[in-house]
Amino acid sequence: MVSNSAGGRHPRRSGSRESVEPGTQLGALEAYAAQAHGYLGAGGEELSQLAGLLRPLVLESWLRSVRGGVDPMDVLNERGLRGADLQRYRDAHPVAALMPLIDKLLVQDTARTGLIVVVSDQFGRVLSIHGGTEQVSAAAETGLRAGDDLSERRVGTNAVGLVVRTGRAAWIHGPEHFLHRMHQITGAAAPVHDPDGRLVCVLMIAGGVRVAKPEILALVKAAATAAEMDLLLSAMRAGRPGAGRNGERGSEAGDAGRLGLDVLGLGQPQLTIAGDRVPLSQRHAEILLLLAEHPEGLGADHLALLLDDTDLDNGTIRAAMSRLRAVIGSTVVGSRPYRLRVPVATDVDELRVALDSGDVDYALRLYAGPVLPRSTAPGIVDLRDELRVRLRTAVLSSGDSGVLRRWTEAPEGRDDATAWAAYRATVDRDSPLYAQIEAKIRVLDRRMGADATQMQRYGS
């Protein structure tokens with residue numbers, strides 16, 4: 001589906017490639033992206049060569065994919081949301097109300113051209129795929145299937161994943177995709193936001209080289225804009241806040257765009273603002289996460305209790321909020337009560353969605369570690385415990401040897417005797433692995449017995 005010509009100047013020497021339009025220099029894009037895959041396979045210091053071969057937006061995505069451990073040779077598997085589970089999730093999703101409009105604006109005409117339309121949720125999960133039977137089947141072989149996850153963390157660079165990551169329209173052509181199995185497709189995708197600026201879904205037109213034209217990207221962006229207007233009109237008719245005044249999206253906080261907050265794991269908490277990552281102090285991360293968990297807002301007294309079970313006075317809260325606004329902008333957090341005026345997408349929310357959808361494998365991939373592990377704030381401790389218990393329960397219930405192996409290799413599951421026993425149940429008794437797992441369980445049993453004896457000795 002992609003052309004093999006490699007003409008044109010080196011893309012890095014023809015000005016900024018951030019503004020390259022679809023349909024321009026396609027041969028060069030393919031040739032240099034193919035060369036970049038060679039360096040990617042070599043790894044190590046060779047990765048420094050990628051900067052001269054890829055568009056900046058694509059380069060950044062590739063590097064994130066490398067850091068995230070995505071395998072460019074990843075093969076298609078059966079993981080994903082399927083059947084009745086997918087149907088329930090799709091029916092309950094806000095995009096269900098938009099489907100008649102999407103069908104009218106995109107699906108009906110696009111299907112007749114031999115292209116397909118992909119509709120994903122706000123996290124990159126494919127809700128539905130529309131097009132001719134032959135085209136949908138061909139797309140499925142590359143990984144474009146209803147129920148599959150197209151987020152950048154799962155499959156690396158692709159148009160839907162970039163939109164989810166950045167909140168902006170994007171197109172990815174052929175070998176610009178991180179995964180080799182996606183090299184035969186081109187995708188043009190655009191975001192649909194609700195009146196408050198939250199990402200609702202992503203629309204993508206995909207197919208062969210014909211998608212790499214400016215008018216295709218323009219078409220999908222126009223459909224996304226129409227869907228946003230439909231959501232805005234619905235909000236205005238229902239009298240919901242955030243619909244704006246005189247039909248505008250009137251919150252000045254809307255200028256701040258969409259924020260991302262990463263709090264899982266031992267690393268320093270990070271806030272993403274307009275694509276840039278900003279390190280946060282633990283206290284600021286605690287406040288932002290608690291506000292994201294309470295969209296209705298928190299009074300100063302309530303916030304103080306969630307941050308510290310001792311007597312934290314309101315003056316200390318006001319000072320902390322003032323310092324936080326200096327970091328993230330004065331319009332992001334409102335007062336009386338304290339509440340977010342800009343959508344903040346957290347990795348905690350993404351983990352919850354993965355668990356809700358039954359995708360335990362992806363949940364484990366997301367779970368870099370406990371929520372703000374150094375925090376002693378009561379509200380954070382409760383959240384940390386909730387997520388760990390939910391994840392562990394899902395792992396133990398999965399019966400998936402790969403999932404159980406990854407959990408028992410992780411710090412939190414390393415000494416989890418119940419998980420090791422569940423892992424043992426998935427392994428052939430005659431295999432060397434079974435003996436290794438059995439030995440580990442015996443070590444844990446002896447340790448637990450020793451601990452119990454010591455507790456009895458000291459009267460605990």
# chains A, B, ... in the order shown; residues from 1 in each chain; ligands from 1
>>> select_by_dssp(residues="stretch 70-159 of chain A", states="alpha helix (DSSP H)", output="PyMOL selection string")
chain A and resi 83-92+99-102+108-111+133-142+152-155+159
>>> residues_around(residues="stretch 37-47 of chain A", least_positions_apart="4", cutoff="9 Å", atoms="only C-alpha atoms", output="ChimeraX atom specification")
/A:32-33,51,63,66,72,175-176,178,180
>>> closest_residue(among="A:Pro343, A:Pro373, A:Pro94, A:Gly174", to="A:Gln268", atoms="only C-alpha atoms")
A:Pro373
>>> closest_residue(among="A:Leu179, A:Met236, A:Cys201, A:Ile380", to="A:Asp308", atoms="only C-alpha atoms")
A:Ile380
>>> closest_atom_pairs(of="stretch 91-199 of chain A", to="stretch 204-228 of chain A", cutoff="7 Å", atoms="only C-alpha atoms", output="CSV")
residue,atom,partner,partner_atom,distance
A:Leu98,CA,A:Ala227,CA,6.6
A:Ile102,CA,A:Ala223,CA,7.0
A:Leu105,CA,A:Ala223,CA,6.2
A:Leu106,CA,A:Ala223,CA,7.0
A:Leu115,CA,A:Gly207,CA,5.1
A:Ile116,CA,A:Ala206,CA,5.4
A:Val117,CA,A:Ile205,CA,4.7
A:Val118,CA,A:Met204,CA,5.0
A:Val119,CA,A:Met204,CA,6.5
A:Val160,CA,A:Met204,CA,6.9
A:His173,CA,A:Ala212,CA,6.8
A:Gln184,CA,A:Gly208,CA,6.9
A:Ile185,CA,A:Gly208,CA,5.3
A:Thr186,CA,A:Gly207,CA,5.5
A:Gly187,CA,A:Ala206,CA,4.3
A:Ala188,CA,A:Leu217,CA,5.4
A:Ala189,CA,A:Met204,CA,4.0
A:Ala190,CA,A:Lys221,CA,5.4
A:Pro191,CA,A:Ala224,CA,6.3
A:Val192,CA,A:Ala224,CA,5.2
A:His193,CA,A:Glu228,CA,5.9
A:Asp194,CA,A:Glu228,CA,6.2
>>> select_by_dssp(residues="stretch 338-402 of chain A", states="strand (DSSP E or B)", output="list of chain:residue names")
A:Tyr338, A:Arg339, A:Leu340, A:Val344, A:Ala345, A:Thr346, A:Val371
>>> write_last_selection(atoms="C-alpha atoms", output="short mmCIF file (atom, residue, chain, number, x, y, z; two decimals), in the first residue's frame")
data_model
loop_
_atom_site.label_atom_id
_atom_site.label_comp_id
_atom_site.auth_asym_id
_atom_site.auth_seq_id
_atom_site.Cartn_x
_atom_site.Cartn_y
_atom_site.Cartn_z
CA TYR A 338 -10.26 24.11 44.89
CA ARG A 339 -10.98 22.36 41.59
CA LEU A 340 -9.30 21.76 38.25
CA VAL A 344 -5.72 16.49 33.62
CA ALA A 345 -5.18 12.99 32.20
CA THR A 346 -3.44 10.82 34.79
CA VAL A 371 1.23 5.68 43.30
#
>>> residues_around(residues="A:Ser65", least_positions_apart="6", cutoff="12 Å", atoms="only C-alpha atoms", output="MDAnalysis selection string")
chainID A and resid 40 58:59 71:72 151:158 161:162 165 177:179
>>> residues_around(residues="A:Leu383", least_positions_apart="6", cutoff="12 Å", atoms="only C-alpha atoms", output="PyMOL selection string")
chain A and resi 263-264+286+289-290+293+306+348-349+352+370-373+375-377+389-390
>>> atom_distance(atom1="atom CA of A:Val200", atom2="atom CA of A:Asp121")
6.4 Å
>>> residues_around(residues="A:Gln135", least_positions_apart="3", cutoff="8 Å", atoms="only C-alpha atoms", output="list in words")
Gly114, Leu115, Ile116, Gly131, Gly132, Ala138 and Ala139 of chain A
>>> atom_distance(atom1="atom CA of A:Arg336", atom2="atom CA of A:Leu231")
27.7 Å
>>> atom_distance(atom1="atom CA of A:Arg374", atom2="atom CA of A:Ser330")
27.3 Å
>>> closest_residue(among="A:Ser335, A:Ser61, A:Ser128, A:Ser431", to="A:Val107", atoms="only C-alpha atoms")
A:Ser128
>>> residues_around(residues="A:Asp356", least_positions_apart="2", cutoff="12 Å", atoms="only C-alpha atoms", output="PyMOL selection string")
chain A and resi 81+85-86+88-89+349-354+358-360+362-363+387+390-391+394
>>> write_last_selection(atoms="N, CA and C atoms", output="PDB file, in the first residue's frame")
ATOM      1  N   LEU A  81     -10.079  -6.122  24.004  1.00  0.00           N
ATOM      2  CA  LEU A  81     -11.455  -6.233  24.466  1.00  0.00           C
ATOM      3  C   LEU A  81     -12.280  -6.824  23.337  1.00  0.00           C
ATOM      4  N   ASP A  85     -17.998  -7.877  26.157  1.00  0.00           N
ATOM      5  CA  ASP A  85     -17.288  -6.871  26.956  1.00  0.00           C
ATOM      6  C   ASP A  85     -17.053  -5.604  26.140  1.00  0.00           C
ATOM      7  N   LEU A  86     -16.640  -5.782  24.883  1.00  0.00           N
ATOM      8  CA  LEU A  86     -16.424  -4.621  24.021  1.00  0.00           C
ATOM      9  C   LEU A  86     -17.740  -3.907  23.739  1.00  0.00           C
ATOM     10  N   ARG A  88     -20.468  -3.743  25.582  1.00  0.00           N
ATOM     11  CA  ARG A  88     -20.910  -2.987  26.759  1.00  0.00           C
ATOM     12  C   ARG A  88     -20.089  -1.708  26.913  1.00  0.00           C
ATOM     13  N   TYR A  89     -18.783  -1.834  26.733  1.00  0.00           N
ATOM     14  CA  TYR A  89     -17.912  -0.664  26.879  1.00  0.00           C
ATOM     15  C   TYR A  89     -18.247   0.389  25.822  1.00  0.00           C
ATOM     16  N   ASP A 349      -5.752   7.116  35.992  1.00  0.00           N
ATOM     17  CA  ASP A 349      -6.995   6.912  35.245  1.00  0.00           C
ATOM     18  C   ASP A 349      -6.804   5.884  34.132  1.00  0.00           C
ATOM     19  N   GLU A 350      -5.670   5.967  33.445  1.00  0.00           N
ATOM     20  CA  GLU A 350      -5.407   5.033  32.352  1.00  0.00           C
ATOM     21  C   GLU A 350      -5.306   3.601  32.877  1.00  0.00           C
ATOM     22  N   LEU A 351      -4.692   3.447  34.046  1.00  0.00           N
ATOM     23  CA  LEU A 351      -4.596   2.129  34.657  1.00  0.00           C
ATOM     24  C   LEU A 351      -5.983   1.605  35.017  1.00  0.00           C
ATOM     25  N   ARG A 352      -6.817   2.473  35.549  1.00  0.00           N
ATOM     26  CA  ARG A 352      -8.178   2.058  35.895  1.00  0.00           C
ATOM     27  C   ARG A 352      -8.950   1.587  34.665  1.00  0.00           C
ATOM     28  N   VAL A 353      -8.824   2.327  33.556  1.00  0.00           N
ATOM     29  CA  VAL A 353      -9.534   1.941  32.338  1.00  0.00           C
ATOM     30  C   VAL A 353      -9.072   0.572  31.857  1.00  0.00           C
ATOM     31  N   ALA A 354      -7.759   0.323  31.921  1.00  0.00           N
ATOM     32  CA  ALA A 354      -7.243  -0.983  31.517  1.00  0.00           C
ATOM     33  C   ALA A 354      -7.823  -2.091  32.391  1.00  0.00           C
ATOM     34  N   GLY A 358     -10.619  -5.181  31.460  1.00  0.00           N
ATOM     35  CA  GLY A 358     -10.113  -6.538  31.568  1.00  0.00           C
ATOM     36  C   GLY A 358      -8.771  -6.770  30.902  1.00  0.00           C
ATOM     37  N   ASP A 359      -8.081  -5.696  30.503  1.00  0.00           N
ATOM     38  CA  ASP A 359      -6.785  -5.843  29.830  1.00  0.00           C
ATOM     39  C   ASP A 359      -5.674  -5.835  30.882  1.00  0.00           C
ATOM     40  N   VAL A 360      -5.482  -6.972  31.540  1.00  0.00           N
ATOM     41  CA  VAL A 360      -4.531  -7.052  32.645  1.00  0.00           C
ATOM     42  C   VAL A 360      -3.102  -6.895  32.146  1.00  0.00           C
ATOM     43  N   TYR A 362      -1.976  -5.031  29.699  1.00  0.00           N
ATOM     44  CA  TYR A 362      -1.669  -3.615  29.523  1.00  0.00           C
ATOM     45  C   TYR A 362      -1.607  -2.904  30.871  1.00  0.00           C
ATOM     46  N   ALA A 363      -2.465  -3.301  31.806  1.00  0.00           N
ATOM     47  CA  ALA A 363      -2.436  -2.697  33.133  1.00  0.00           C
ATOM     48  C   ALA A 363      -1.064  -2.908  33.775  1.00  0.00           C
ATOM     49  N   LEU A 387      -5.463   0.747  44.117  1.00  0.00           N
ATOM     50  CA  LEU A 387      -4.965   0.318  42.808  1.00  0.00           C
ATOM     51  C   LEU A 387      -4.152  -0.974  42.910  1.00  0.00           C
ATOM     52  N   ARG A 390      -6.570  -3.861  43.378  1.00  0.00           N
ATOM     53  CA  ARG A 390      -7.288  -4.143  42.138  1.00  0.00           C
ATOM     54  C   ARG A 390      -6.402  -4.853  41.119  1.00  0.00           C
ATOM     55  N   LEU A 391      -5.165  -4.362  40.992  1.00  0.00           N
ATOM     56  CA  LEU A 391      -4.250  -4.962  40.014  1.00  0.00           C
ATOM     57  C   LEU A 391      -3.888  -6.389  40.418  1.00  0.00           C
ATOM     58  N   ALA A 394      -6.725  -8.738  39.760  1.00  0.00           N
ATOM     59  CA  ALA A 394      -6.872  -9.017  38.332  1.00  0.00           C
ATOM     60  C   ALA A 394      -5.797  -9.983  37.854  1.00  0.00           C
TER      61      ALA A 394
END
